[in-house]
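*Asks:* First the structure, then my questions, so here it is.
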Amino acid sequence: MTLCKSLSTSMALIQRSLRSSSNSISTKKCVSYSRSVTSLSLTSQKRKGRKISMVTAYDFPSAMHVQRANIDVILVGDSAAMVELGYDTTQPMTLDQMLHHCQAVHRGVTAGINRSDVKKPKMPLLVGDMPFGTYEYKDLDIALKNSYRMVKEGGMNAVKMEGGSEHRAETIKHVVDGGVAVMGHIGLTPQAISVIGGFRAQGRTAARAREMIDEALRLQDAGAFAIVLECVPANVAKAVTDNLEIPTIGIGAGNGTSGQVLVYHDMLGMMSHPHHEEFMPKFCKSYAQVGHAITEGLDAFKKDVESAEFPSEDYSPYVMNDVEKALFDKLLERDATDRVQRGKEAEKKSKQADEYEQLSLYGGKE
C-alpha cells in the first residue's frame, strides 16, 4: 500500500511538472506543412482530376514568391541559362551552375515557409533540370552520380531529363532504381536543338505523334513519375495523357494535359518595357508586367538622385549626438589647411584627366 501510494504521489508530481513546463514553452511559431507535394501525390492529383501547377524558379526571391503562391511544383530549369545568364540556348549550363541555382531555390522555399502567415504552408515538390552533358552517357552511373549531387547538394526532391529514346529510358530506370525520382520531358527538347534544328514544335505529323505515345509509355515503364510535354499539338498531348497513368505537365501543349508549367520570367513579364516588348513565346500568357514596374522604379530613382530629393531626412536615420558633432568639427579644423591643399592637387589631376578625354587619346568620342 505504501509503495503504491508513493508511486501515485510521484506520478502526480511528474504530471504537474509537465503541465508547468508546457505552459512555459515559447509561443514561437512552429511550422507544420498542410501537406508536402510528392512524386506520388501528383499521380493522385491526376486521378482526382485536379490540375497540377508548375512554375520555374532560379533564385531565392523567385522561389519565395512561387512557394507563397501555393504552386504544386517548382522547377529549377536549365532555362536559367537563357533568362538568367543571357545565353541563346540551354546547352552551356553546367552542373555546378545548376547546383548554385538549386541551392538558392531551396533556401528561398524554406524561408518562404518559415516566414509564412499561413498556419500550415504547403511544401512544393522541387525538381531540378539535369543539364546537357550530365546524363546522356552509356555509363549510366554518371547520370546516377550527378543525380545524387542534385539531391544531396542542390536540395532537390527529383530531377528532370529530356528525351524518350530507349537509352534515355534505361538511364531513368537506373537513376530511379538508385533512389532518385525522375520527371521525363518529350516533344520539344531544348537541349537537343542542334539535332532537331532549333526551337520547333514537335508531333505535328501522324507518325511522329504516334512515336510520342510510345516514348511516353517507355518513360513511364522506366519509372518516371511525370512527363513534361513541350510544344506539341493539343490533340497529341491529350492522347499521350490519356494513355498514361502518370501525370503530364504541358507547356505549349493545350489544355488536355494533367497540368501546366510556365517560365517565371515569361509569365510575369520580367523583361517587358513600356516602350518596346521583348520576345514572348506564343504559348505563354502574360499574367503581369513586372518589367514595366521595374523600369518605372529605376527611372524614379535616377530622377530623385539627380534632383537631390533622395535621400531626404526620412531616409538618413544615422545621426551624431551634439557632443560628438562638436568634437568632429574641432578635428576638421585641425587639418583644414592640409586638406584644402590635397583637394587642389586632386582637382588638378581631375582636370588633366578631362583634357585627355576631350582629346580622344583613349579612343573616346570628341
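Naming scheme: A, B, ... for chains in displayed order of the C-alpha cells; residues 1 onward per chain; ligands 1 onward as shown.
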Leaving out Ala192 of chain A and any residue of its chain fewer than 5 positions from it, which residues lie within 12 Å of it when counting only C-alpha atoms, given as a PyMOL selection string?

*Replies:* chain A and resi 89-91+131-133+136+161-164+185-187+197-200

*Asks:* So, with only C-alpha atoms as the atoms that count, which of A:Ala346, A:Ala336, A:Ile196, A:Val180 lies closest to Lys152 of chain A?

*Replies:*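 Checking each of A:Ala346, A:Ala336, A:Ile196, A:Val180 against Lys152 of chain A, counting only C-alpha atoms, the winner is A:Val180.
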
*Asks:* Based on DSSP run over this structure's backbone, return all residues of segment 175-301 of chain A in alpha helix (DSSP H), as a PyMOL selection string.

*Replies:* chain A and resi 175-177+193-196+206-222+234-242+264-267+290-301

*Asks:* Could you pull out the residues in segment 189-340 of chain A that DSSP calls strand (DSSP E) from the backbone, as a PDB file with all heavy atoms, in the first residue's frame?

*Replies:*
```
ATOM      1  N   ALA A 226       6.347  11.606 -63.802  1.00  0.00           N
ATOM      2  CA  ALA A 226       5.583  12.592 -64.577  1.00  0.00           C
ATOM      3  C   ALA A 226       6.376  12.900 -65.836  1.00  0.00           C
ATOM      4  O   ALA A 226       7.578  12.618 -65.917  1.00  0.00           O
ATOM      5  CB  ALA A 226       5.336  13.859 -63.779  1.00  0.00           C
ATOM      6  N   ILE A 227       5.705  13.500 -66.829  1.00  0.00           N
ATOM      7  CA  ILE A 227       6.367  13.835 -68.090  1.00  0.00           C
ATOM      8  C   ILE A 227       5.942  15.219 -68.548  1.00  0.00           C
ATOM      9  O   ILE A 227       4.741  15.529 -68.588  1.00  0.00           O
ATOM     10  CB  ILE A 227       6.026  12.810 -69.196  1.00  0.00           C
ATOM     11  CG1 ILE A 227       6.485  11.406 -68.796  1.00  0.00           C
ATOM     12  CG2 ILE A 227       6.659  13.215 -70.532  1.00  0.00           C
ATOM     13  CD1 ILE A 227       6.099  10.313 -69.788  1.00  0.00           C
ATOM     14  N   VAL A 228       6.921  16.040 -68.889  1.00  0.00           N
ATOM     15  CA  VAL A 228       6.654  17.345 -69.493  1.00  0.00           C
ATOM     16  C   VAL A 228       6.438  17.144 -70.988  1.00  0.00           C
ATOM     17  O   VAL A 228       7.230  16.455 -71.648  1.00  0.00           O
ATOM     18  CB  VAL A 228       7.815  18.328 -69.243  1.00  0.00           C
ATOM     19  CG1 VAL A 228       7.634  19.601 -70.077  1.00  0.00           C
ATOM     20  CG2 VAL A 228       7.918  18.681 -67.765  1.00  0.00           C
ATOM     21  N   LEU A 229       5.368  17.749 -71.528  1.00  0.00           N
ATOM     22  CA  LEU A 229       5.098  17.740 -72.965  1.00  0.00           C
ATOM     23  C   LEU A 229       5.235  19.176 -73.467  1.00  0.00           C
ATOM     24  O   LEU A 229       4.435  20.038 -73.114  1.00  0.00           O
ATOM     25  CB  LEU A 229       3.686  17.221 -73.242  1.00  0.00           C
ATOM     26  CG  LEU A 229       3.348  15.816 -72.730  1.00  0.00           C
ATOM     27  CD1 LEU A 229       1.893  15.488 -73.029  1.00  0.00           C
ATOM     28  CD2 LEU A 229       4.275  14.771 -73.355  1.00  0.00           C
ATOM     29  N   GLU A 230       6.238  19.421 -74.292  1.00  0.00           N
ATOM     30  CA  GLU A 230       6.515  20.801 -74.713  1.00  0.00           C
ATOM     31  C   GLU A 230       6.281  20.994 -76.208  1.00  0.00           C
ATOM     32  O   GLU A 230       6.799  20.241 -77.040  1.00  0.00           O
ATOM     33  CB  GLU A 230       7.956  21.185 -74.356  1.00  0.00           C
ATOM     34  CG  GLU A 230       8.301  22.623 -74.746  1.00  0.00           C
ATOM     35  CD  GLU A 230       9.604  23.121 -74.161  1.00  0.00           C
ATOM     36  OE1 GLU A 230      10.260  22.359 -73.428  1.00  0.00           O
ATOM     37  OE2 GLU A 230       9.976  24.285 -74.434  1.00  0.00           O
ATOM     38  N   THR A 248       0.954  14.340 -66.880  1.00  0.00           N
ATOM     39  CA  THR A 248       1.724  15.111 -67.851  1.00  0.00           C
ATOM     40  C   THR A 248       1.622  16.588 -67.497  1.00  0.00           C
ATOM     41  O   THR A 248       0.581  17.047 -67.021  1.00  0.00           O
ATOM     42  CB  THR A 248       1.200  14.907 -69.282  1.00  0.00           C
ATOM     43  OG1 THR A 248      -0.184  15.295 -69.328  1.00  0.00           O
ATOM     44  CG2 THR A 248       1.325  13.455 -69.711  1.00  0.00           C
ATOM     45  N   ILE A 249       2.701  17.302 -67.737  1.00  0.00           N
ATOM     46  CA  ILE A 249       2.734  18.748 -67.500  1.00  0.00           C
ATOM     47  C   ILE A 249       2.983  19.418 -68.838  1.00  0.00           C
ATOM     48  O   ILE A 249       4.022  19.198 -69.463  1.00  0.00           O
ATOM     49  CB  ILE A 249       3.840  19.151 -66.508  1.00  0.00           C
ATOM     50  CG1 ILE A 249       3.833  18.249 -65.271  1.00  0.00           C
ATOM     51  CG2 ILE A 249       3.697  20.618 -66.137  1.00  0.00           C
ATOM     52  CD1 ILE A 249       2.631  18.398 -64.400  1.00  0.00           C
ATOM     53  N   GLY A 250       2.034  20.199 -69.300  1.00  0.00           N
ATOM     54  CA  GLY A 250       2.148  20.803 -70.620  1.00  0.00           C
ATOM     55  C   GLY A 250       2.739  22.194 -70.604  1.00  0.00           C
ATOM     56  O   GLY A 250       2.562  22.959 -69.660  1.00  0.00           O
ATOM     57  N   ILE A 251       3.445  22.503 -71.685  1.00  0.00           N
ATOM     58  CA  ILE A 251       3.899  23.873 -71.943  1.00  0.00           C
ATOM     59  C   ILE A 251       3.794  24.063 -73.457  1.00  0.00           C
ATOM     60  O   ILE A 251       4.527  23.458 -74.236  1.00  0.00           O
ATOM     61  CB  ILE A 251       5.329  24.138 -71.416  1.00  0.00           C
ATOM     62  CG1 ILE A 251       5.770  25.569 -71.770  1.00  0.00           C
ATOM     63  CG2 ILE A 251       6.331  23.090 -71.880  1.00  0.00           C
ATOM     64  CD1 ILE A 251       7.016  26.037 -71.044  1.00  0.00           C
ATOM     65  N   GLY A 259      -1.483  19.079 -66.131  1.00  0.00           N
ATOM     66  CA  GLY A 259      -1.105  20.347 -65.507  1.00  0.00           C
ATOM     67  C   GLY A 259      -0.369  21.226 -66.494  1.00  0.00           C
ATOM     68  O   GLY A 259      -0.212  20.873 -67.669  1.00  0.00           O
ATOM     69  N   GLN A 260       0.079  22.374 -66.013  1.00  0.00           N
ATOM     70  CA  GLN A 260       0.751  23.351 -66.868  1.00  0.00           C
ATOM     71  C   GLN A 260       1.990  23.900 -66.174  1.00  0.00           C
ATOM     72  O   GLN A 260       2.029  24.016 -64.944  1.00  0.00           O
ATOM     73  CB  GLN A 260      -0.195  24.513 -67.204  1.00  0.00           C
ATOM     74  CG  GLN A 260      -1.454  24.127 -67.950  1.00  0.00           C
ATOM     75  CD  GLN A 260      -1.194  23.637 -69.353  1.00  0.00           C
ATOM     76  OE1 GLN A 260      -0.269  24.113 -70.023  1.00  0.00           O
ATOM     77  NE2 GLN A 260      -2.002  22.685 -69.806  1.00  0.00           N
ATOM     78  N   VAL A 261       2.986  24.241 -66.992  1.00  0.00           N
ATOM     79  CA  VAL A 261       4.186  24.899 -66.482  1.00  0.00           C
ATOM     80  C   VAL A 261       4.503  26.101 -67.360  1.00  0.00           C
ATOM     81  O   VAL A 261       4.294  26.062 -68.581  1.00  0.00           O
ATOM     82  CB  VAL A 261       5.402  23.931 -66.444  1.00  0.00           C
ATOM     83  CG1 VAL A 261       5.723  23.365 -67.818  1.00  0.00           C
ATOM     84  CG2 VAL A 261       6.634  24.641 -65.870  1.00  0.00           C
ATOM     85  N   LEU A 262       4.960  27.175 -66.736  1.00  0.00           N
ATOM     86  CA  LEU A 262       5.456  28.341 -67.463  1.00  0.00           C
ATOM     87  C   LEU A 262       6.747  28.823 -66.826  1.00  0.00           C
ATOM     88  O   LEU A 262       7.014  28.563 -65.637  1.00  0.00           O
ATOM     89  CB  LEU A 262       4.428  29.476 -67.470  1.00  0.00           C
ATOM     90  CG  LEU A 262       3.224  29.319 -68.412  1.00  0.00           C
ATOM     91  CD1 LEU A 262       2.260  30.484 -68.242  1.00  0.00           C
ATOM     92  CD2 LEU A 262       3.658  29.193 -69.873  1.00  0.00           C
TER      93      LEU A 262
END
```

*Asks:* Go through A:Val83, A:Met98, A:Ala234, A:Ile74 one by one, measure the shortest atom-to-atom distance of each to Met123 of chain A using only C-alpha atoms, and give the residue with the smallest value.

*Replies:*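 Of A:Val83, A:Met98, A:Ala234, A:Ile74, the one nearest Met123 of chain A, counting only C-alpha atoms, is A:Ile74.
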
*Asks:* May I have the residues within 7 Å of segment 148-150 of chain A as an mmCIF file with C-alpha atoms, in the first residue's frame, using only C-alpha atoms and disregarding those fewer than 4 positions away in the same chain?

*Replies:*
```cif
data_model
loop_
_atom_site.group_PDB
_atom_site.id
_atom_site.type_symbol
_atom_site.label_atom_id
_atom_site.label_comp_id
_atom_site.auth_asym_id
_atom_site.auth_seq_id
_atom_site.Cartn_x
_atom_site.Cartn_y
_atom_site.Cartn_z
ATOM 1 C CA LEU A 99 23.583 23.374 -58.218
ATOM 2 C CA GLY A 128 15.938 20.240 -60.874
ATOM 3 C CA LEU A 144 23.184 8.453 -61.207
ATOM 4 C CA GLY A 154 21.174 21.030 -54.555
ATOM 5 C CA GLY A 155 18.368 20.140 -52.168
ATOM 6 C CA MET A 156 16.088 18.849 -54.926
#
```

*Asks:* Would you mind telling me which residue in A:Glu333, A:Leu40, A:Gly223, A:Gly256 lies nearest to Thr241 of chain A when using only C-alpha atoms?

*Replies:*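 The shortest atom-to-atom distance to Thr241 of chain A comes from A:Gly256.
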
*Asks:* Choose the residue, out of A:Ser116, A:Gln103, A:Thr94, A:Ser41, that has the smallest atom-to-atom separation from Gln67 of chain A; count only C-alpha atoms.

*Replies:*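 Smallest separation from Gln67 of chain A among the options: A:Ser116.
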
*Asks:* Find the residues near Gly254 of chain A: any atom within 9 Å, counting only C-alpha atoms, skip ones fewer than 6 places away on the same chain, and give them as a list in words.

*Replies:*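 Returned residues: Cys231, Val232, Pro233, Ala234, Asn235, Ala237, Lys238, Gln260 and Phe283 of chain A.
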
*Asks:* If you keep C-alpha atoms, can you produce a file of those selected residues as a PDB file, in the first residue's frame?

*Replies:*
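Generated file (part.pdb):
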```pdb
ATOM      1  CA  CYS A 231       5.281  22.483 -77.894  1.00  0.00           C
ATOM      2  CA  VAL A 232       3.059  19.726 -79.297  1.00  0.00           C
ATOM      3  CA  PRO A 233      -0.464  19.896 -80.752  1.00  0.00           C
ATOM      4  CA  ALA A 234      -3.223  19.821 -78.125  1.00  0.00           C
ATOM      5  CA  ASN A 235      -4.820  16.650 -79.504  1.00  0.00           C
ATOM      6  CA  ALA A 237      -0.803  15.952 -75.812  1.00  0.00           C
ATOM      7  CA  LYS A 238      -4.269  14.761 -74.769  1.00  0.00           C
ATOM      8  CA  GLN A 260       0.751  23.351 -66.868  1.00  0.00           C
ATOM      9  CA  PHE A 283       2.059  29.740 -75.859  1.00  0.00           C
TER      10      PHE A 283
END
```

*Asks:* Please provide as a list of chain:residue names all residues within 12 Å of Ala104 of chain A, with the sequence filter that same-chain residues fewer than 2 positions apart are discarded (counting only C-alpha atoms).

*Replies:* A:Ala57, A:Tyr58, A:Asp59, A:Phe60, A:Pro61, A:Ser62, A:Ala63, A:Met64, A:Val76, A:Gln97, A:Met98, A:Leu99, A:His100, A:His101, A:Cys102, A:His106, A:Arg107, A:Gly108, A:Val109, A:Thr110, A:Ala111, A:Leu126, A:Gly128, A:Glu153, A:Gly154, A:Gly155, A:Met156

*Asks:* Might you pull out every residue within 6 Å of Val182 of chain A, with only C-alpha atoms counted and same-chain residues fewer than 3 positions away left off, and present them as a VMD selection string?

*Replies:* chain A and resid 158 to 160 224

*Asks:* Next, dump the selected residues to file, keeping only C-alpha atoms, as a CSV table (one decimal), in the first residue's frame.

*Replies:*
```csv
chain,number,residue,atom,x,y,z
A,158,ALA,CA,13.7,15.0,-58.0
A,159,VAL,CA,15.4,15.6,-61.3
A,160,LYS,CA,14.2,16.1,-64.9
A,224,ALA,CA,9.3,8.3,-64.4
```

*Asks:* Give the answer as one residue: which of A:Glu211, A:Glu296, A:Asp78, A:Asp177 has the shortest atom-to-atom distance to Pro190 of chain A, using only C-alpha atoms?

*Replies:*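 Closest candidate: A:Asp78.
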
*Asks:* So, counting only C-alpha atoms, which residue among A:Ala207, A:Ala308, A:Ala69, A:Met130 is closest to Val118 of chain A?

*Replies:*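 Of A:Ala207, A:Ala308, A:Ala69, A:Met130, the one nearest Val118 of chain A is A:Ala69, counting only C-alpha atoms.
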